[in-house]
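Enquirer: Okay, so here is run25.txt, and as you'll see once you scroll down, it has compact mmCIF, C-alpha atoms.
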```txt
# COMPACT_ATOMS: atom_id res chain seq x y z
CA MET B 1 102.78 40.27 66.36
CA SER B 2 106.10 42.00 67.07
CA TYR B 3 108.81 40.82 69.43
CA ALA B 4 111.80 42.45 71.09
CA LYS B 5 115.01 42.19 69.06
CA HIS B 6 116.46 39.28 71.04
CA PHE B 7 113.18 37.64 72.06
CA TYR B 8 113.87 34.16 70.67
CA THR B 9 117.44 33.88 71.96
CA GLU B 10 116.50 35.19 75.40
CA ARG B 11 113.56 32.81 75.59
CA ALA B 12 115.89 29.90 74.74
CA LEU B 13 118.13 30.97 77.62
CA GLU B 14 115.34 31.00 80.20
CA LYS B 15 115.94 27.40 81.31
CA PHE B 16 119.53 28.13 82.34
CA ASN B 17 120.08 29.38 85.87
CA PHE B 18 122.62 32.18 85.97
CA PRO B 19 123.79 33.41 89.41
CA ALA B 20 122.69 36.95 90.21
CA THR B 21 125.32 38.06 92.73
CA GLY B 22 129.01 37.78 93.56
CA ASP B 23 131.80 36.33 91.46
CA ALA B 24 129.45 33.62 90.25
CA ALA B 25 127.36 36.31 88.55
CA LYS B 26 130.37 37.32 86.45
CA ILE B 27 130.77 33.73 85.30
CA GLY B 28 127.05 33.58 84.57
CA GLN B 29 127.34 36.74 82.47
CA ILE B 30 129.95 35.00 80.32
CA ALA B 31 127.91 31.78 80.16
CA ASN B 32 124.98 33.85 78.94
CA LEU B 33 127.02 34.37 75.76
CA VAL B 34 128.90 31.08 75.59
CA ILE B 35 125.69 29.00 75.60
CA PRO B 36 124.18 30.77 72.55
CA PHE B 37 127.60 30.50 70.91
CA ALA B 38 127.52 26.73 71.48
CA ALA B 39 124.09 26.65 69.81
CA TYR B 40 125.48 28.63 66.86
CA ALA B 41 128.42 26.22 66.53
CA ALA B 42 126.09 23.22 66.74
CA LYS B 43 123.96 24.57 63.90
CA LYS B 44 127.03 25.38 61.83
CA ASN B 45 128.39 21.86 62.26
CA GLY B 46 125.04 20.15 61.65
CA LEU B 47 124.67 18.69 65.15
CA ALA B 48 121.33 17.52 66.51
CA ALA B 49 119.25 19.84 68.70
CA SER B 50 119.68 17.43 71.63
CA VAL B 51 123.45 17.91 71.69
CA THR B 52 124.96 19.17 74.94
CA ILE B 53 126.89 22.41 75.31
CA GLY B 54 130.07 20.47 76.01
CA GLU B 55 129.63 18.36 72.89
CA ALA B 56 128.92 21.42 70.74
CA LEU B 57 132.14 23.03 71.95
CA ALA B 58 134.30 19.94 71.42
CA GLY B 59 134.78 20.35 67.67
CA ASP B 60 138.18 20.92 66.11
CA ASP B 61 137.06 24.31 64.78
CA ILE B 62 136.10 25.67 68.21
CA PRO B 63 138.52 28.29 69.67
CA SER B 64 140.54 27.06 72.63
CA ALA B 65 139.21 29.88 74.85
CA LEU B 66 135.69 28.41 74.61
CA LYS B 67 136.88 24.90 75.39
CA GLU B 68 138.80 26.15 78.40
CA PHE B 69 135.74 27.98 79.75
CA ILE B 70 133.36 25.05 79.47
CA ALA B 71 135.94 22.73 81.04
CA GLY B 72 136.57 25.17 83.90
CA ASP B 73 134.36 28.00 85.18
CA GLY B 74 131.44 26.97 82.96
CA ALA B 75 131.58 23.25 83.70
CA GLU B 76 128.16 23.26 85.41
CA TRP B 77 126.51 23.91 82.03
CA ALA B 78 128.59 21.44 79.99
CA LYS B 79 126.01 18.64 80.12
CA SER B 80 122.98 20.86 79.50
CA SER B 81 121.09 20.31 76.26
CA LEU B 82 120.73 22.98 73.59
CA GLU B 83 117.26 21.82 72.57
CA THR B 84 115.63 25.17 73.43
CA PHE B 85 117.66 26.74 70.59
CA GLU B 86 116.29 24.35 67.97
CA LYS B 87 114.13 26.99 66.27
CA VAL B 88 116.34 30.01 66.94
CA SER B 89 118.13 31.09 63.76
CA SER B 90 121.90 31.39 63.52
CA ASP B 91 121.50 35.04 62.51
CA ASP B 92 119.48 35.77 65.65
CA ILE B 93 122.14 34.14 67.82
CA LYS B 94 124.96 36.00 66.10
CA THR B 95 123.19 39.35 66.51
CA TYR B 96 122.48 38.60 70.18
CA ILE B 97 126.14 37.84 70.97
CA THR B 98 127.59 40.82 69.11
CA ASP B 99 125.02 43.23 70.58
CA LYS B 100 125.54 42.01 74.14
CA ILE B 101 129.34 42.31 73.88
CA GLU B 102 128.99 45.83 72.51
CA GLU B 103 126.54 46.79 75.27
CA GLU B 104 128.81 45.40 77.98
CA ASN B 105 131.79 47.27 76.55
CA SER B 106 129.83 50.52 76.36
CA ARG B 107 128.84 50.21 80.01
CA ALA B 108 132.50 49.78 80.99
CA GLY B 109 133.33 53.28 79.74
CA GLY B 110 136.59 55.23 79.88
CA ARG B 111 139.87 53.35 80.09
CA ASP B 112 138.08 50.09 80.99
CA MET B 113 136.48 50.13 77.55
CA VAL B 114 138.09 47.81 75.00
CA VAL B 115 139.48 49.66 71.97
CA THR B 116 137.83 48.33 68.83
CA LEU B 117 139.16 49.74 65.59
CA PRO B 118 136.52 50.83 63.06
CA PRO B 119 136.74 49.25 59.57
CA SER B 120 138.43 52.34 58.11
CA LEU B 121 141.30 52.23 60.63
CA ASN B 122 141.62 48.46 60.31
CA ASP B 123 141.94 48.88 56.56
CA LEU B 124 144.50 51.68 56.90
CA CYS B 125 146.61 49.57 59.26
CA ALA B 126 146.37 46.42 57.13
CA ASN B 127 147.28 48.28 53.94
CA THR B 128 150.13 50.11 55.66
CA LEU B 129 151.47 46.79 56.91
CA GLY B 130 151.18 45.36 53.40
CA ILE B 131 150.01 41.91 54.50
CA LYS B 132 150.89 39.12 52.03
CA LYS B 133 149.82 35.48 51.91
CA ASP B 134 153.18 34.18 53.16
CA ASP B 135 153.30 36.57 56.14
CA SER B 136 152.89 35.72 59.80
CA VAL B 137 150.74 38.42 61.45
CA ILE B 138 150.38 39.18 65.16
CA ASP B 139 148.13 41.65 67.01
CA LEU B 140 149.66 42.62 70.35
CA GLY B 141 146.66 43.46 72.52
CA ALA B 142 144.02 41.82 70.36
CA GLY B 143 140.99 43.02 72.34
CA PHE B 144 137.79 41.93 70.59
CA ALA B 145 139.82 40.86 67.54
CA SER B 146 138.49 43.56 65.20
CA PHE B 147 141.83 43.83 63.38
CA LEU B 148 142.32 40.06 63.23
CA ILE B 149 138.82 39.64 61.81
CA HIS B 150 139.40 42.34 59.18
CA ALA B 151 142.80 40.94 58.23
CA GLY B 152 141.52 37.36 58.08
CA LYS B 153 138.62 38.28 55.80
CA ASN B 154 140.49 40.64 53.48
CA PHE B 155 144.23 39.89 53.66
CA PRO B 156 144.91 36.11 53.67
CA SER B 157 148.16 35.29 55.44
CA LYS B 158 150.18 32.26 56.50
CA LYS B 159 149.63 32.76 60.23
CA LEU B 160 147.25 34.99 62.22
CA VAL B 161 147.93 35.38 65.94
CA GLY B 162 146.52 37.58 68.69
CA ILE B 163 147.80 38.18 72.23
CA GLU B 164 145.34 39.37 74.90
CA ILE B 165 146.10 39.55 78.60
CA ASN B 166 142.46 39.61 79.80
CA ARG B 167 140.86 36.16 79.82
CA ARG B 168 137.27 37.39 79.35
CA ILE B 169 138.19 39.73 76.51
CA ARG B 170 140.15 36.95 74.82
CA LEU B 171 137.07 34.74 75.07
CA TYR B 172 134.83 37.40 73.53
CA GLY B 173 137.32 38.10 70.75
CA SER B 174 137.50 34.38 69.96
CA MET B 175 133.71 34.19 69.72
CA LEU B 176 133.43 37.24 67.48
CA ALA B 177 136.13 35.93 65.14
CA TYR B 178 134.37 32.55 64.86
CA LEU B 179 131.05 34.23 64.12
CA GLU B 180 132.75 36.06 61.22
CA GLY B 181 134.30 32.88 59.84
CA VAL B 182 137.87 33.76 60.84
CA SER B 183 140.14 31.45 62.86
CA PRO B 184 143.05 33.37 64.40
CA ASP B 185 145.06 31.82 67.21
CA ILE B 186 144.16 34.18 70.07
CA GLN B 187 146.35 33.45 73.07
CA GLN B 188 146.13 34.72 76.61
CA GLY B 189 149.35 36.31 77.75
CA ASP B 190 151.41 39.36 78.65
CA VAL B 191 152.93 40.96 75.57
CA LEU B 192 156.05 41.99 77.48
CA GLN B 193 156.67 38.37 78.48
CA LEU B 194 156.34 36.88 74.98
CA ASP B 195 158.93 34.40 73.76
CA GLU B 196 161.13 36.18 71.23
CA SER B 197 162.17 33.04 69.33
CA SER B 198 159.19 33.40 66.95
CA LEU B 199 159.44 36.41 64.64
CA TYR B 200 156.65 38.01 62.62
CA GLU B 201 156.49 39.80 59.29
CA LYS B 202 153.58 42.05 60.28
CA ILE B 203 152.76 43.41 63.75
CA LEU B 204 149.95 45.63 65.03
CA ALA B 205 150.29 47.02 68.56
CA ILE B 206 148.21 49.33 70.74
CA PRO B 207 150.06 49.93 74.04
CA GLU B 208 148.23 51.67 76.88
CA PHE B 209 148.30 55.38 76.13
CA GLY B 210 150.32 57.53 78.49
CA SER B 211 151.56 54.60 80.54
CA ASP B 212 155.11 53.58 81.36
CA MET B 213 154.56 50.51 79.20
CA VAL B 214 154.77 52.39 75.87
CA ILE B 215 158.56 52.24 75.53
CA PRO B 216 158.89 48.58 76.67
CA PHE B 217 156.03 47.75 74.27
CA ILE B 218 157.88 49.30 71.33
CA GLU B 219 161.10 47.52 72.33
CA LYS B 220 159.21 44.21 72.36
CA VAL B 221 157.74 44.94 68.92
CA LEU B 222 161.26 45.40 67.51
CA LYS B 223 162.43 42.13 69.06
CA LEU B 224 159.50 40.26 67.48
CA LEU B 225 159.88 41.88 64.06
CA SER B 226 161.57 39.91 61.29
CA ASP B 227 164.28 41.53 59.17
CA ARG B 228 161.81 42.02 56.31
CA GLY B 229 158.91 42.88 58.59
CA ARG B 230 156.84 45.97 59.31
CA ALA B 231 154.91 47.06 62.40
CA VAL B 232 152.23 49.66 63.05
CA VAL B 233 152.02 51.02 66.60
CA PHE B 234 149.20 53.30 67.86
CA LEU B 235 150.53 56.08 70.07
CA GLY B 236 149.44 59.34 71.59
CA GLN B 237 151.01 62.17 69.58
CA GLY B 238 152.89 63.29 72.69
CA PHE B 239 155.32 60.45 72.00
CA LEU B 240 156.48 62.31 68.89
CA PHE B 241 157.77 65.42 70.68
CA ASN B 242 157.66 65.17 74.50
CA GLU B 243 161.04 64.94 76.22
CA GLY B 244 160.10 63.55 79.64
CA ARG B 245 159.82 59.95 80.85
CA GLY B 246 162.53 58.76 78.49
CA LEU B 247 160.54 59.57 75.34
CA LYS B 248 163.24 61.65 73.66
CA GLU B 249 165.80 58.91 74.33
CA ALA B 250 163.41 56.34 72.89
CA ARG B 251 162.97 58.37 69.70
CA GLN B 252 166.74 58.79 69.42
CA LYS B 253 167.27 55.02 69.60
CA LEU B 254 164.57 54.46 66.98
CA ILE B 255 165.97 57.03 64.55
CA ASP B 256 169.67 56.21 65.08
CA GLY B 257 168.82 52.53 64.67
CA GLY B 258 166.94 53.16 61.41
CA PHE B 259 163.71 51.66 62.75
CA VAL B 260 161.20 54.41 61.88
CA GLU B 261 159.73 54.14 58.39
CA ALA B 262 156.82 56.57 58.76
CA VAL B 263 154.80 58.66 61.20
CA ILE B 264 151.12 59.33 60.49
CA GLU B 265 149.38 61.97 62.62
CA LEU B 266 145.70 60.95 62.80
CA PRO B 267 142.64 63.14 63.33
CA ALA B 268 141.67 63.68 66.97
CA GLY B 269 138.97 61.40 68.31
CA VAL B 270 139.04 58.64 65.68
CA LEU B 271 140.22 56.04 68.18
CA LEU B 272 137.36 55.48 70.61
CA PRO B 273 136.98 55.68 73.58
CA PHE B 274 139.90 58.17 73.53
CA SER B 275 137.85 60.89 71.83
CA ALA B 276 139.95 63.74 73.25
CA LEU B 277 143.31 62.17 72.45
CA ASN B 278 145.44 63.04 69.42
CA THR B 279 146.85 59.78 68.12
CA ALA B 280 149.48 58.74 65.60
CA LEU B 281 150.64 55.64 63.79
CA LEU B 282 154.31 54.82 64.17
CA VAL B 283 155.38 52.58 61.27
CA LEU B 284 158.47 50.53 62.13
CA SER B 285 160.77 48.45 59.96
CA LYS B 286 164.53 48.04 59.63
CA ASN B 287 167.36 49.86 57.83
CA ASN B 288 165.53 53.14 57.20
CA LYS B 289 167.57 56.24 56.33
CA ALA B 290 164.57 58.60 56.23
CA VAL B 291 161.12 58.96 57.78
CA ARG B 292 157.91 59.62 55.87
CA VAL B 293 155.92 62.14 57.92
CA VAL B 294 152.20 62.40 57.10
CA ASP B 295 149.84 65.02 58.54
CA ALA B 296 146.40 63.44 58.29
CA SER B 297 144.94 65.43 61.20
CA GLY B 298 142.29 67.00 58.97
CA PHE B 299 141.10 63.76 57.37
CA HIS B 300 137.88 63.20 59.29
CA GLU B 301 134.23 64.07 59.45
CA ASN B 302 131.79 64.35 62.33
CA THR B 303 129.20 61.66 63.00
CA ARG B 304 125.59 62.37 63.91
CA ARG B 305 126.60 62.19 67.56
CA GLY B 306 129.28 64.81 67.04
CA ALA B 307 132.18 62.38 67.38
CA SER B 308 135.10 62.32 64.96
CA ALA B 309 135.17 59.59 62.35
CA LEU B 310 137.62 58.42 59.72
CA THR B 311 135.78 57.56 56.52
CA ASP B 312 136.82 54.74 54.20
CA GLU B 313 137.70 57.34 51.56
CA ALA B 314 139.90 59.24 54.04
CA ALA B 315 141.69 56.04 55.07
CA LYS B 316 142.45 55.29 51.42
CA ALA B 317 143.72 58.83 50.86
CA ILE B 318 146.01 58.62 53.91
CA TYR B 319 147.46 55.31 52.71
CA GLU B 320 148.19 56.84 49.30
CA MET B 321 149.94 59.80 51.00
CA ILE B 322 152.49 57.41 52.50
CA GLY B 323 153.99 56.83 49.08
CA LYS B 324 154.29 60.34 47.64
CA ASP B 325 155.24 63.89 48.53
CA SER B 326 152.57 66.55 48.98
CA ASP B 327 151.78 69.51 51.21
CA LYS B 328 150.73 66.96 53.86
CA SER B 329 153.39 64.30 53.31
CA ARG B 330 157.16 64.40 52.94
CA SER B 331 160.22 62.28 53.53
CA ILE B 332 162.75 63.61 56.07
CA LYS B 333 166.24 62.14 56.29
CA ASN B 334 167.32 60.79 59.66
CA GLU B 335 170.23 63.24 59.73
CA GLU B 336 167.80 66.16 59.48
CA ILE B 337 165.67 64.72 62.30
CA LYS B 338 168.76 64.58 64.49
CA THR B 339 169.35 68.30 63.93
CA LYS B 340 165.79 68.93 65.08
CA ASP B 341 166.50 67.16 68.38
CA TYR B 342 164.59 64.03 67.32
CA ASP B 343 161.22 65.75 67.08
CA LEU B 344 158.98 63.60 64.86
CA THR B 345 156.07 65.97 64.37
```
Translate the structure of the given file into structure tokens.
Expert:
Amino acid sequence: MSYAKHFYTERALEKFNFPATGDAAKIGQIANLVIPFAAYAAKKNGLAASVTIGEALAGDDIPSALKEFIAGDGAEWAKSSLETFEKVSSDDIKTYITDKIEEENSRAGGRDMVVTLPPSLNDLCANTLGIKKDDSVIDLGAGFASFLIHAGKNFPSKKLVGIEINRRIRLYGSMLAYLEGVSPDIQQGDVLQLDESSLYEKILAIPEFGSDMVIPFIEKVLKLLSDRGRAVVFLGQGFLFNEGRGLKEARQKLIDGGFVEAVIELPAGVLLPFSALNTALLVLSKNNKAVRVVDASGFHENTRRGASALTDEAAKAIYEMIGKDSDKSRSIKNEEIKTKDYDLT
């Protein structure tokens, strides 16, 4: 006998009544993931099948976003038992949650779609940052925590923090990190309003492409960056050469201040859902007298669906290009960039 992929998890959820319309339906959509997550946490922590959802989410290891949900919008399910999940495996629950989040994100489409970095880009960013065990790391605009998960599993650090302005997305990112055995501190908040008293050695940032928030975002990154720190900022390549909307002035401040360490032009389409956008990595640190410019625009291959993809091998090759001269990589002194009217292409 064969069953649909999520048969057992969906059958375990049948006893819970999720609203079908209005704002309550949106809360029910979230609860439809939080309840299986509670069952997963209960199994992980060796709790009895009769435990309630509220009890399963009360453990010290549970992300604060989950506790806040079950104490607030999801309070009506807090005292419900998880007994229907007794025979559902942890792997089935994990697959259900990750698949449902991916499906929901795909339906959002366009600019409403959460940017999730593929493993190759996460690895390129983490290696470029050079994360060490005594570093404090922050992801400004954490989304579904793909970078935080990758960093937590592969680059142990002293402190791992994420900032996400959307409460639902923060909740989903917290769940996905827990399912992968990573425990970043994902906070809800506006990046531009962050307290600047805490500085970080390593920063990843993805400001909204083409918006008026790009320059303030970069300015905030510099204020949060420690003297020995490094940041990687995803930008549309237009930032590197356009003169309108204060972009040229922003580049001038960055170069004259010695803040630009490297610029990496990425292949078009590797940052979904912005498949038509040419993107670049702006690597920031302090006291730079030259900029390493890397043209990695040709380092990609097409997927079966025709989209552009950055392979693991290409990501490694790009990282290696940052440290040596070649026909695709060279160091340009700040004084020379000034003579070229602060064009960073």
Enquirer: Find the residues near Glu68 of chain B: any atom within 12 Å, counting all atoms listed in the file, skip ones fewer than 5 places away on the same chain, and give them as a VMD selection string.
Expert: chain B and resid 34 54 57 to 58 62 to 63 73 to 75 78 167 to 168 170 to 171 174 187 to 188
Enquirer: Output C-alpha atoms for every residue in the selection just made, as a CSV table (one decimal), keeping the file's coordinate frame.
Expert:
```csv
chain,number,residue,atom,x,y,z
B,34,VAL,CA,128.9,31.1,75.6
B,54,GLY,CA,130.1,20.5,76.0
B,57,LEU,CA,132.1,23.0,72.0
B,58,ALA,CA,134.3,19.9,71.4
B,62,ILE,CA,136.1,25.7,68.2
B,63,PRO,CA,138.5,28.3,69.7
B,73,ASP,CA,134.4,28.0,85.2
B,74,GLY,CA,131.4,27.0,83.0
B,75,ALA,CA,131.6,23.2,83.7
B,78,ALA,CA,128.6,21.4,80.0
B,167,ARG,CA,140.9,36.2,79.8
B,168,ARG,CA,137.3,37.4,79.4
B,170,ARG,CA,140.2,37.0,74.8
B,171,LEU,CA,137.1,34.7,75.1
B,174,SER,CA,137.5,34.4,70.0
B,187,GLN,CA,146.4,33.4,73.1
B,188,GLN,CA,146.1,34.7,76.6
```
Enquirer: Between atom CA of Glu208 of chain B and atom CA of Thr98 of chain B, what is the spacing in Å?
Expert: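 Interatomic distance, atom CA of Thr98 of chain B to atom CA of Glu208 of chain B: 24.6 Å.
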Enquirer: Name the closest residue to Ser136 of chain B among the candidates B:Ala151, B:Leu344, B:Ala314, B:Val260; distances are taken between atoms, counting all atoms listed in the file.
Expert: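 Checking each of B:Ala151, B:Leu344, B:Ala314, B:Val260 against Ser136 of chain B, counting all atoms listed in the file, the winner is B:Ala151.
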Enquirer: With only C-alpha atoms as the atoms that count, which of B:Ser326, B:Asn288, B:Asn105, B:Ser89 lies nearest to His6 of chain B?
Expert: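 Of B:Ser326, B:Asn288, B:Asn105, B:Ser89, the one nearest His6 of chain B is B:Ser89, counting only C-alpha atoms.
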Enquirer: Taking all atoms listed in the file into account, name the residue in B:Gln237, B:Ser64, B:Gln252, B:Thr339 that is nearest to Glu265 of chain B.
Expert: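 The shortest atom-to-atom distance to Glu265 of chain B comes from B:Gln237.
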